[in-house]
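This is my_file-v1.tsv. It holds TSV, C-alpha atoms and all ligand atoms.
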```
chain	number	residue	atom	x	y	z
A	1	MET	CA	-24.12	-25.72	21.25
A	2	SER	CA	-22.27	-24.27	18.31
A	3	VAL	CA	-22.00	-20.47	18.27
A	4	VAL	CA	-20.11	-17.76	16.40
A	5	ARG	CA	-17.30	-16.08	18.33
A	6	ALA	CA	-15.44	-12.86	17.51
A	7	VAL	CA	-11.80	-13.92	17.79
A	8	VAL	CA	-8.88	-11.46	17.97
A	9	ARG	CA	-6.54	-12.22	15.06
A	10	GLY	CA	-4.12	-9.37	15.55
A	11	CYS	CA	-3.49	-6.12	17.33
A	12	GLY	CA	-1.38	-3.01	16.86
A	13	ALA	CA	-0.78	0.48	18.16
A	14	TYR	CA	0.67	3.82	17.23
A	15	LEU	CA	1.93	6.73	19.30
A	16	PRO	CA	3.03	10.11	17.95
A	17	ASP	CA	6.79	10.78	18.24
A	18	ASN	CA	6.46	13.90	20.37
A	19	VAL	CA	6.91	12.94	24.06
A	20	VAL	CA	5.91	15.59	26.59
A	21	THR	CA	7.03	15.13	30.19
A	22	ASN	CA	5.47	16.55	33.34
A	23	ALA	CA	8.46	18.90	33.59
A	24	ASP	CA	7.63	20.19	30.09
A	25	LEU	CA	4.05	20.90	31.22
A	26	ALA	CA	5.26	22.64	34.38
A	27	ARG	CA	6.83	25.23	32.09
A	28	ARG	CA	3.40	25.86	30.55
A	29	VAL	CA	0.94	25.80	33.49
A	30	ASP	CA	1.20	26.04	37.29
A	31	THR	CA	1.84	22.36	38.04
A	32	SER	CA	4.68	20.03	39.04
A	33	ASP	CA	5.93	16.54	38.29
A	34	GLU	CA	5.39	15.69	41.97
A	35	TRP	CA	1.67	16.71	41.87
A	36	ILE	CA	0.93	14.90	38.60
A	37	VAL	CA	2.73	11.68	39.58
A	38	SER	CA	1.29	11.52	43.09
A	39	ARG	CA	-2.32	12.27	42.01
A	40	THR	CA	-2.41	10.29	38.77
A	41	GLY	CA	0.72	8.14	38.20
A	42	ILE	CA	1.31	9.95	34.88
A	43	LYS	CA	4.94	10.75	34.02
A	44	GLN	CA	4.69	11.58	30.32
A	45	ARG	CA	2.35	11.53	27.33
A	46	HIS	CA	2.70	11.47	23.52
A	47	LEU	CA	1.12	14.43	21.73
A	48	VAL	CA	0.54	15.04	18.04
A	49	SER	CA	2.40	17.85	16.35
A	50	GLY	CA	2.01	19.71	13.06
A	51	ASN	CA	-0.91	18.44	11.01
A	52	GLU	CA	-1.16	14.96	12.57
A	53	LYS	CA	-4.83	13.99	12.80
A	54	THR	CA	-6.79	11.22	14.50
A	55	SER	CA	-7.11	9.40	11.15
A	56	ASP	CA	-3.29	9.40	10.77
A	57	LEU	CA	-2.84	7.72	14.15
A	58	ALA	CA	-5.72	5.32	13.44
A	59	LEU	CA	-4.28	4.37	10.06
A	60	ASN	CA	-0.88	3.48	11.54
A	61	ALA	CA	-2.47	1.39	14.30
A	62	ALA	CA	-4.76	-0.30	11.75
A	63	ARG	CA	-1.82	-1.23	9.52
A	64	ALA	CA	0.05	-2.67	12.52
A	65	ALA	CA	-2.99	-4.75	13.51
A	66	LEU	CA	-3.48	-6.02	9.94
A	67	ASP	CA	0.22	-6.98	9.74
A	68	ASP	CA	-0.05	-8.80	13.06
A	69	ALA	CA	-3.11	-10.69	11.76
A	70	GLY	CA	-1.41	-11.49	8.44
A	71	LEU	CA	-4.29	-9.84	6.59
A	72	ASP	CA	-4.63	-6.90	4.24
A	73	ALA	CA	-7.28	-4.25	3.69
A	74	GLY	CA	-9.05	-6.40	1.08
A	75	ASP	CA	-9.86	-8.94	3.79
A	76	ILE	CA	-11.74	-6.42	5.95
A	77	ASP	CA	-15.55	-6.19	5.82
A	78	ALA	CA	-15.93	-3.28	8.21
A	79	ILE	CA	-14.15	-0.67	10.31
A	80	VAL	CA	-15.58	0.40	13.66
A	81	LEU	CA	-13.57	3.33	14.98
A	82	ALA	CA	-14.04	4.80	18.45
A	83	THR	CA	-13.07	8.45	18.81
A	84	THR	CA	-14.08	11.67	20.53
A	85	THR	CA	-11.75	13.71	18.35
A	86	PRO	CA	-12.83	12.97	14.76
A	87	ASP	CA	-10.94	14.78	11.99
A	88	GLU	CA	-14.20	16.50	11.03
A	89	THR	CA	-17.77	16.64	12.35
A	90	PHE	CA	-18.57	14.45	9.34
A	91	PRO	CA	-17.84	12.18	7.55
A	92	ALA	CA	-16.81	9.54	10.05
A	93	THR	CA	-13.05	9.32	10.59
A	94	ALA	CA	-13.48	5.59	9.95
A	95	THR	CA	-14.27	6.36	6.30
A	96	THR	CA	-11.06	8.39	5.97
A	97	VAL	CA	-9.14	5.38	7.30
A	98	GLN	CA	-11.11	3.10	4.95
A	99	ALA	CA	-10.00	5.17	1.93
A	100	ALA	CA	-6.39	5.45	3.14
A	101	LEU	CA	-6.18	1.68	3.56
A	102	GLY	CA	-7.41	1.25	-0.01
A	103	MET	CA	-10.52	-0.59	1.16
A	104	THR	CA	-13.25	-0.20	-1.46
A	105	ARG	CA	-16.00	-2.42	-0.09
A	106	GLY	CA	-17.77	-3.03	3.20
A	107	PHE	CA	-18.58	-0.19	5.59
A	108	ALA	CA	-16.91	2.08	8.11
A	109	MET	CA	-18.40	3.96	11.04
A	110	ASP	CA	-17.42	5.91	14.15
A	111	ILE	CA	-18.51	5.20	17.71
A	112	GLN	CA	-18.77	7.95	20.31
A	113	ALA	CA	-18.57	6.81	23.91
A	114	VAL	CA	-15.56	8.94	24.92
A	115	CYS	CA	-13.10	6.93	27.07
A	116	SER	CA	-15.33	3.82	26.89
A	117	GLY	CA	-15.34	4.03	23.08
A	118	PHE	CA	-13.15	1.02	22.41
A	119	ILE	CA	-15.25	-1.21	24.70
A	120	PHE	CA	-18.41	-0.03	22.88
A	121	ALA	CA	-16.71	-0.56	19.49
A	122	MET	CA	-15.71	-4.11	20.44
A	123	ALA	CA	-19.28	-4.85	21.54
A	124	THR	CA	-20.66	-3.36	18.31
A	125	ALA	CA	-18.26	-5.33	16.12
A	126	ASN	CA	-19.08	-8.47	18.09
A	127	SER	CA	-22.77	-8.01	17.29
A	128	TYR	CA	-22.07	-7.62	13.56
A	129	LEU	CA	-19.92	-10.74	13.59
A	130	ILE	CA	-22.30	-12.98	15.49
A	131	THR	CA	-25.25	-11.87	13.35
A	132	GLY	CA	-23.27	-12.55	10.17
A	133	GLN	CA	-23.23	-8.96	8.85
A	134	ALA	CA	-19.45	-9.16	8.56
A	135	GLU	CA	-16.73	-11.78	8.97
A	136	THR	CA	-13.66	-9.64	9.60
A	137	ILE	CA	-13.74	-6.26	11.34
A	138	LEU	CA	-11.04	-3.76	12.17
A	139	VAL	CA	-11.80	-2.19	15.56
A	140	ILE	CA	-9.86	0.99	16.31
A	141	GLY	CA	-9.62	3.40	19.23
A	142	ALA	CA	-7.91	6.63	18.16
A	143	GLU	CA	-7.68	10.07	19.73
A	144	THR	CA	-5.98	13.43	19.44
A	145	PHE	CA	-7.41	14.52	22.77
A	146	SER	CA	-4.79	17.28	23.00
A	147	LYS	CA	-6.88	19.18	20.45
A	148	ILE	CA	-9.87	19.55	22.79
A	149	LEU	CA	-7.89	20.47	25.90
A	150	ASP	CA	-7.85	23.94	27.40
A	151	TRP	CA	-4.09	24.32	27.73
A	152	GLU	CA	-4.58	26.98	30.42
A	153	ASP	CA	-6.62	24.64	32.64
A	154	ARG	CA	-4.13	22.71	34.76
A	155	THR	CA	-6.87	20.51	36.21
A	156	THR	CA	-7.39	18.79	32.83
A	157	CYS	CA	-4.49	19.47	30.46
A	158	VAL	CA	-1.98	17.39	32.43
A	159	LEU	CA	-4.14	14.26	32.31
A	160	PHE	CA	-4.43	13.35	28.65
A	161	GLY	CA	-2.38	12.10	25.71
A	162	ASP	CA	-2.79	11.12	22.04
A	163	GLY	CA	-2.50	7.72	20.37
A	164	ALA	CA	-4.29	4.85	18.67
A	165	GLY	CA	-4.71	1.11	19.05
A	166	ALA	CA	-6.49	-1.46	16.90
A	167	VAL	CA	-7.50	-5.10	16.78
A	168	VAL	CA	-8.72	-7.35	13.97
A	169	LEU	CA	-11.75	-9.41	14.97
A	170	GLN	CA	-12.83	-12.37	12.88
A	171	SER	CA	-15.84	-14.67	13.24
A	172	SER	CA	-14.99	-18.24	14.12
A	173	PRO	CA	-17.08	-21.21	15.24
A	174	GLY	CA	-17.16	-21.87	18.99
A	175	SER	CA	-18.69	-24.42	21.32
A	176	GLY	CA	-20.59	-21.86	23.42
A	177	THR	CA	-18.43	-22.44	26.50
A	178	ASN	CA	-15.91	-20.23	28.28
A	179	ALA	CA	-13.15	-22.35	26.71
A	180	ASP	CA	-13.88	-20.74	23.31
A	181	ARG	CA	-11.47	-18.15	21.97
A	182	GLY	CA	-13.06	-14.76	21.28
A	183	ILE	CA	-15.41	-12.34	23.00
A	184	LEU	CA	-17.33	-14.28	25.66
A	185	VAL	CA	-19.31	-11.44	27.23
A	186	SER	CA	-19.78	-7.70	26.60
A	187	LYS	CA	-21.70	-5.33	28.86
A	188	LEU	CA	-22.37	-1.65	28.20
A	189	HIS	CA	-23.91	1.11	30.33
A	190	SER	CA	-24.54	4.83	30.22
A	191	ASP	CA	-26.15	7.40	32.50
A	192	GLY	CA	-26.83	10.74	30.82
A	193	ARG	CA	-27.71	12.42	34.10
A	194	LEU	CA	-23.98	12.74	34.80
A	195	HIS	CA	-23.30	14.91	31.74
A	196	ASP	CA	-22.01	17.88	33.75
A	197	ALA	CA	-19.27	15.91	35.48
A	198	LEU	CA	-17.34	15.43	32.23
A	199	TYR	CA	-18.15	17.11	28.93
A	200	VAL	CA	-16.91	19.42	26.19
A	201	ASP	CA	-18.31	22.96	26.33
A	202	GLY	CA	-19.01	23.24	22.63
A	203	GLY	CA	-20.21	21.44	19.54
A	204	PRO	CA	-21.65	21.95	16.06
A	205	GLY	CA	-25.23	21.92	17.32
A	206	SER	CA	-24.72	24.29	20.26
A	207	THR	CA	-21.85	26.75	19.96
A	208	GLN	CA	-20.62	25.89	16.44
A	209	THR	CA	-17.17	25.56	18.04
A	210	THR	CA	-15.32	22.43	19.09
A	211	GLY	CA	-15.20	23.36	22.77
A	212	PHE	CA	-12.85	22.21	25.51
A	213	VAL	CA	-12.94	19.39	28.06
A	214	ARG	CA	-14.52	20.34	31.38
A	215	MET	CA	-14.40	17.96	34.30
A	216	GLN	CA	-15.35	17.68	37.95
A	217	GLY	CA	-12.36	15.47	38.72
A	218	ARG	CA	-13.37	14.21	42.17
A	219	GLU	CA	-16.91	13.35	41.01
A	220	VAL	CA	-15.55	11.38	38.03
A	221	PHE	CA	-13.00	9.64	40.25
A	222	ARG	CA	-15.65	8.51	42.76
A	223	HIS	CA	-17.97	7.11	40.08
A	224	ALA	CA	-15.10	5.50	38.18
A	225	VAL	CA	-13.94	3.31	41.06
A	226	VAL	CA	-17.51	2.15	41.81
A	227	ASN	CA	-18.63	1.65	38.19
A	228	LEU	CA	-15.48	-0.15	37.09
A	229	THR	CA	-15.62	-2.49	40.06
A	230	GLU	CA	-19.29	-3.27	39.36
A	231	ILE	CA	-18.85	-3.79	35.62
A	232	VAL	CA	-16.08	-6.33	36.19
A	233	ARG	CA	-18.30	-8.25	38.62
A	234	GLU	CA	-21.25	-8.06	36.20
A	235	VAL	CA	-19.29	-9.48	33.27
A	236	LEU	CA	-17.75	-12.26	35.35
A	237	ASP	CA	-21.14	-13.16	36.88
A	238	GLU	CA	-22.62	-13.43	33.39
A	239	ALA	CA	-19.81	-15.81	32.39
A	240	GLY	CA	-20.12	-17.77	35.64
A	241	LEU	CA	-16.48	-17.00	36.44
A	242	GLY	CA	-14.62	-15.45	39.37
A	243	ILE	CA	-11.89	-12.83	39.55
A	244	ASP	CA	-9.21	-15.51	40.02
A	245	ASP	CA	-10.13	-17.01	36.63
A	246	VAL	CA	-8.98	-13.84	34.87
A	247	ASP	CA	-5.40	-13.84	33.57
A	248	TRP	CA	-5.18	-10.15	32.65
A	249	VAL	CA	-7.24	-7.04	33.28
A	250	VAL	CA	-6.64	-4.22	30.79
A	251	PRO	CA	-8.34	-1.20	32.36
A	252	HIS	CA	-8.92	2.26	30.95
A	253	GLN	CA	-5.78	4.22	31.78
A	254	ALA	CA	-7.13	7.42	33.34
A	255	ASN	CA	-5.49	7.47	36.74
A	256	LYS	CA	-3.31	4.91	38.55
A	257	ARG	CA	-5.26	5.61	41.76
A	258	ILE	CA	-8.57	4.71	40.06
A	259	ILE	CA	-7.04	1.47	38.75
A	260	ASP	CA	-5.57	0.64	42.18
A	261	GLY	CA	-8.88	1.42	43.93
A	262	ALA	CA	-10.87	-0.92	41.68
A	263	THR	CA	-8.15	-3.61	41.87
A	264	LYS	CA	-8.28	-3.57	45.66
A	265	ARG	CA	-12.10	-3.68	45.84
A	266	LEU	CA	-12.16	-6.63	43.44
A	267	GLY	CA	-9.53	-8.58	45.39
A	268	LEU	CA	-7.60	-8.76	42.13
A	269	ASP	CA	-3.87	-9.58	42.08
A	270	PRO	CA	-2.22	-6.27	41.00
A	271	ALA	CA	0.35	-8.29	38.98
A	272	LYS	CA	-2.49	-9.18	36.57
A	273	VAL	CA	-3.31	-5.55	35.78
A	274	VAL	CA	-1.77	-3.93	32.69
A	275	ILE	CA	-0.65	-0.36	33.43
A	276	THR	CA	0.42	2.16	30.79
A	277	VAL	CA	-0.98	5.36	32.28
A	278	ASP	CA	2.52	6.31	33.48
A	279	HIS	CA	3.87	6.65	29.91
A	280	HIS	CA	0.69	7.17	27.81
A	281	ALA	CA	-1.51	9.25	30.19
A	282	ASN	CA	-5.25	9.09	29.44
A	283	THR	CA	-5.69	8.59	25.69
A	284	SER	CA	-9.49	8.18	25.97
A	285	ALA	CA	-10.79	5.63	23.42
A	286	ALA	CA	-7.21	4.64	22.55
A	287	SER	CA	-6.13	3.77	26.08
A	288	VAL	CA	-7.39	0.18	26.27
A	289	PRO	CA	-6.15	-0.95	22.81
A	290	LEU	CA	-2.79	0.79	23.40
A	291	ALA	CA	-2.36	-1.08	26.69
A	292	LEU	CA	-3.56	-4.29	25.09
A	293	ALA	CA	-1.06	-4.01	22.23
A	294	GLU	CA	1.75	-3.38	24.69
A	295	ALA	CA	0.92	-6.43	26.83
A	296	VAL	CA	0.48	-8.66	23.77
A	297	GLY	CA	3.65	-7.29	22.16
A	298	ASP	CA	5.85	-7.96	25.20
A	299	GLY	CA	4.47	-11.48	25.56
A	300	ARG	CA	2.42	-11.04	28.75
A	301	ILE	CA	-0.94	-11.78	27.09
A	302	LYS	CA	-0.79	-15.15	25.33
A	303	LYS	CA	-3.17	-17.26	23.27
A	304	GLY	CA	-5.78	-18.86	25.52
A	305	ASP	CA	-5.52	-16.23	28.29
A	306	LEU	CA	-8.73	-14.80	29.73
A	307	VAL	CA	-8.52	-11.02	29.29
A	308	LEU	CA	-10.91	-8.47	30.74
A	309	LEU	CA	-11.11	-5.03	29.11
A	310	GLU	CA	-12.96	-2.28	30.98
A	311	ALA	CA	-13.43	1.49	30.75
A	312	MET	CA	-15.48	4.46	31.86
A	313	GLY	CA	-15.86	7.87	30.27
A	314	GLY	CA	-17.97	10.98	29.71
A	315	GLY	CA	-21.70	10.56	29.42
A	316	PHE	CA	-21.16	8.73	31.71
A	317	THR	CA	-20.52	5.58	29.74
A	318	TRP	CA	-18.92	2.41	31.02
A	319	GLY	CA	-18.54	-1.18	29.93
A	320	ALA	CA	-16.37	-4.29	29.70
A	321	ASN	CA	-15.48	-7.08	27.29
A	322	LEU	CA	-14.37	-10.51	28.49
A	323	VAL	CA	-12.16	-12.06	25.82
A	324	ARG	CA	-10.42	-15.42	25.53
A	325	TRP	CA	-7.25	-14.47	23.65
B	401	LIG	O1	-11.41	8.87	31.65
B	401	LIG	C1	-12.22	9.53	32.53
B	401	LIG	C2	-11.70	10.93	32.59
B	401	LIG	N1	-11.17	11.42	33.77
B	401	LIG	C3	-10.79	10.80	34.91
B	401	LIG	O2	-10.88	9.64	35.10
B	401	LIG	C4	-10.24	11.67	35.97
B	401	LIG	C5	-10.83	11.37	37.33
B	401	LIG	N2	-10.33	12.24	38.35
B	401	LIG	C6	-9.03	12.27	38.73
B	401	LIG	O3	-8.23	11.56	38.21
B	401	LIG	C7	-8.65	13.18	39.87
B	401	LIG	O4	-9.79	13.71	40.49
B	401	LIG	C8	-7.72	14.34	39.41
B	401	LIG	C9	-6.37	13.80	39.05
B	401	LIG	C10	-8.33	15.07	38.23
B	401	LIG	C11	-7.53	15.34	40.53
B	401	LIG	O5	-7.02	14.69	41.68
B	401	LIG	P1	-7.66	15.00	43.11
B	401	LIG	O6	-6.87	14.26	44.11
B	401	LIG	O7	-9.13	14.68	43.01
B	401	LIG	O8	-7.39	16.53	43.26
B	401	LIG	P2	-8.44	17.72	43.44
B	401	LIG	O9	-9.24	17.93	42.21
B	401	LIG	O10	-9.17	17.49	44.71
B	401	LIG	O11	-7.46	18.97	43.59
B	401	LIG	C12	-6.58	19.08	44.71
B	401	LIG	C13	-5.79	20.38	44.56
B	401	LIG	C14	-6.63	21.61	44.26
B	401	LIG	O12	-6.10	22.68	44.98
B	401	LIG	P3	-6.83	23.20	46.33
B	401	LIG	O13	-8.21	23.61	45.87
B	401	LIG	O14	-6.85	22.03	47.24
B	401	LIG	O15	-5.96	24.32	46.75
B	401	LIG	C15	-6.38	21.84	42.79
B	401	LIG	O16	-6.51	23.21	42.42
B	401	LIG	O17	-4.86	20.25	43.46
B	401	LIG	C16	-4.96	21.40	42.63
B	401	LIG	N3	-4.62	21.01	41.28
B	401	LIG	C17	-3.37	21.02	40.79
B	401	LIG	N4	-2.19	21.35	41.36
B	401	LIG	C18	-1.09	21.21	40.59
B	401	LIG	C19	-5.46	20.57	40.30
B	401	LIG	N5	-4.75	20.29	39.18
B	401	LIG	C20	-3.46	20.55	39.47
B	401	LIG	C21	-2.28	20.45	38.74
B	401	LIG	N6	-1.12	20.78	39.35
B	401	LIG	N7	-2.24	20.01	37.46
```
Written as structure tokens, how would this file's structure read?
Ligand code: UT7
Amino acid sequence: MSVVRAVVRGCGAYLPDNVVTNADLARRVDTSDEWIVSRTGIKQRHLVSGNEKTSDLALNAARAALDDAGLDAGDIDAIVLATTTPDETFPATATTVQAALGMTRGFAMDIQAVCSGFIFAMATANSYLITGQAETILVIGAETFSKILDWEDRTTCVLFGDGAGAVVLQSSPGSGTNADRGILVSKLHSDGRLHDALYVDGGPGSTQTTGFVRMQGREVFRHAVVNLTEIVREVLDEAGLGIDDVDWVVPHQANKRIIDGATKRLGLDPAKVVITVDHHANTSAASVPLALAEAVGDGRIKKGDLVLLEAMGGGFTWGANLVRW
């Protein structure tokens, strides 16, 4: 059966220059390198400085992805940008990137699913491609999460970083089997009852302020291990595949212990798991595409590999994309 597949043509990433170590943070709040590394695996993060905005990071990642794909802005029909830290309440940061790229046609929109944003954006772009609403889509995950952190709250400020990653997806004919290149399965979930476990205590419609991240860490941790294990099983079941068929898992990079917990429950070989949380920290919607770009860039992920992307975030939201590279 002939089908349309959303095939990854290129990927790219961008990190701000400013690297902040755990020791740097220990001079700011009551914490230590030992606590942060042992509880999370994080050693450093990149943070924006000066006037750097989410759209600046997104633009750099987008250009890198377009270069990698051998395409330019005129080839793009749409931009789907996942972020929790838009430059402004409106318009969408995606439209700022659209203008900066010099793209004068098509459409651009933001997706809000916090740390799962890139997975949701990939699923959204996939739907546009398979229904023929676009042929080439730039999918971006970009965050300046440092701007919504309470820098006096040691339970959250040590966990996050800034950055952006992007892929170019293009429609391509497939045979309808798991041998096809492209997105094979996408699954998305949310459960709004868990709002209070992870949220921002402000917003234009409530406090007219931006607010800061508030989190019940242990509660999020517990749900993350369970939800991420289940979503991987769900996606593989849908494809009729097993965990051993997967070449690479690119998980959301929130906490090394969450990644290890899910890896163990799944019976997954830890050598197949891409880890960047040690040097990027949790970059929310940017974490999966940043990790993806690193593993593609250093030659680990190769054409034809079966790659599983998964994430969970505030809402709660969680989801996964199974992609033949
Ligand atoms: O993308 C989704 C977003 N978030 C996550 O995925 C995060 C999920 N949760 C986690 O990663 C972990 O729960 C944390 C890393 C946030 C916390 O680790 P934990 O092992 O669950 O620690 P805890 O919250 O149980 O705190 C243990 C202790 C507490 O002290 P007491 O009450 O035992 O005296 C905290 O006050 O550690 C203390 N603590 C800190 N100490 C030094 C909390 N933050 C810090 C800190 N430095 N930065």
Check your understanding: When the cut-off is 7 Å and you count only C-alpha atoms and all ligand atoms, which residues lie near ligand LIG 401 (chain B), shown as a ChimeraX atom specification?
Key -> /A:30-32,35-36,39-40,115,154-156,158,217-218,220-221,224,254-255,282,284,312-314
Please dump the current selection as a CSV table (one decimal), keeping the file's coordinate frame; keep C-alpha atoms.
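Saved as out-v6.csv:
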```csv
chain,number,residue,atom,x,y,z
A,30,ASP,CA,1.2,26.0,37.3
A,31,THR,CA,1.8,22.4,38.0
A,32,SER,CA,4.7,20.0,39.0
A,35,TRP,CA,1.7,16.7,41.9
A,36,ILE,CA,0.9,14.9,38.6
A,39,ARG,CA,-2.3,12.3,42.0
A,40,THR,CA,-2.4,10.3,38.8
A,115,CYS,CA,-13.1,6.9,27.1
A,154,ARG,CA,-4.1,22.7,34.8
A,155,THR,CA,-6.9,20.5,36.2
A,156,THR,CA,-7.4,18.8,32.8
A,158,VAL,CA,-2.0,17.4,32.4
A,217,GLY,CA,-12.4,15.5,38.7
A,218,ARG,CA,-13.4,14.2,42.2
A,220,VAL,CA,-15.6,11.4,38.0
A,221,PHE,CA,-13.0,9.6,40.2
A,224,ALA,CA,-15.1,5.5,38.2
A,254,ALA,CA,-7.1,7.4,33.3
A,255,ASN,CA,-5.5,7.5,36.7
A,282,ASN,CA,-5.2,9.1,29.4
A,284,SER,CA,-9.5,8.2,26.0
A,312,MET,CA,-15.5,4.5,31.9
A,313,GLY,CA,-15.9,7.9,30.3
A,314,GLY,CA,-18.0,11.0,29.7
```
Self-check item: Selected residue of minimal separation from Leu81 in chain A among A:Ala100, A:Leu25, A:Ala285, A:Leu188, counting only C-alpha atoms
Solution: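 Ranked by minimum distance to Leu81 in chain A, first place goes to A:Ala285.
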- [ ] Give the answer as one residue: which of A:Gly205, A:Pro251, A:Gly240, A:Pro16 has the shortest atom-to-atom distance to Glu310 in chain A, using all atoms listed in the file?
- [x]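 Checking each candidate against Glu310 in chain A, we get A:Pro251 as the closest.
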Just how far from CA of His252 in chain A is CA of Val167 in chain A, in Å to one decimal?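 These two atoms are separated by 16.0 Å.
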Hey, can I get the axis-aligned box for range 281-293 of chain A? All listed atoms, 4 Å padding on each side, centre and edge lengths in Å to one decimal, as lines of an AutoDock Vina configuration file.
```
center_x = -5.9
center_y = 2.5
center_z = 26.2
size_x = 17.7
size_y = 21.5
size_z = 16.0
```
Could you tell me how far CA of Gly319 in chain A lies from CA of Ile130 in chain A, in Å and to one decimal?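 These two atoms are separated by 19.0 Å.
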- Task: Would you mind telling me which residue in A:Asp260, A:Phe212, A:Ile140, A:Gly315 lies nearest to Arg193 in chain A when using only C-alpha atoms?
- Result: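 Result for the nearest residue to Arg193 in chain A: A:Gly315.
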Just give me the residues with any atom within 9 Å of (-12.4, 19.2, 20.3), file coordinates, counting only C-alpha atoms, written as a count of residues only. 17
Env of Arg222 in chain A: 12 Å cut, atoms = all atoms listed in the file, seq-sep filter 6 positions within chain, self excluded. Answer as a short mmCIF file (atom, residue, chain, number, x, y, z; two decimals) with C-alpha atoms, keeping the file's coordinate frame.
```
data_model
loop_
_atom_site.label_atom_id
_atom_site.label_comp_id
_atom_site.auth_asym_id
_atom_site.auth_seq_id
_atom_site.Cartn_x
_atom_site.Cartn_y
_atom_site.Cartn_z
CA ALA A 197 -19.27 15.91 35.48
CA GLN A 216 -15.35 17.68 37.95
CA LEU A 228 -15.48 -0.15 37.09
CA THR A 229 -15.62 -2.49 40.06
CA ASN A 255 -5.49 7.47 36.74
CA ARG A 257 -5.26 5.61 41.76
CA ILE A 258 -8.57 4.71 40.06
CA ILE A 259 -7.04 1.47 38.75
CA GLY A 261 -8.88 1.42 43.93
CA ALA A 262 -10.87 -0.92 41.68
CA MET A 312 -15.48 4.46 31.86
#
```
Exercise for the section: Tell me, as a list of chain:residue names, which residues lie within 8 Å of Glu234 in chain A, counting only C-alpha atoms; anything in the same chain fewer than 4 positions away does not count. Expected result: A:Lys187, A:Glu230, A:Glu238
- Item | Closest of A:Met122, A:Ala82, A:Ala6, A:Leu59 to Gln98 in chain A - atom-to-atom distances counting all atoms listed in the file |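 Counting all atoms listed in the file, the residue closest to Gln98 in chain A is A:Leu59.
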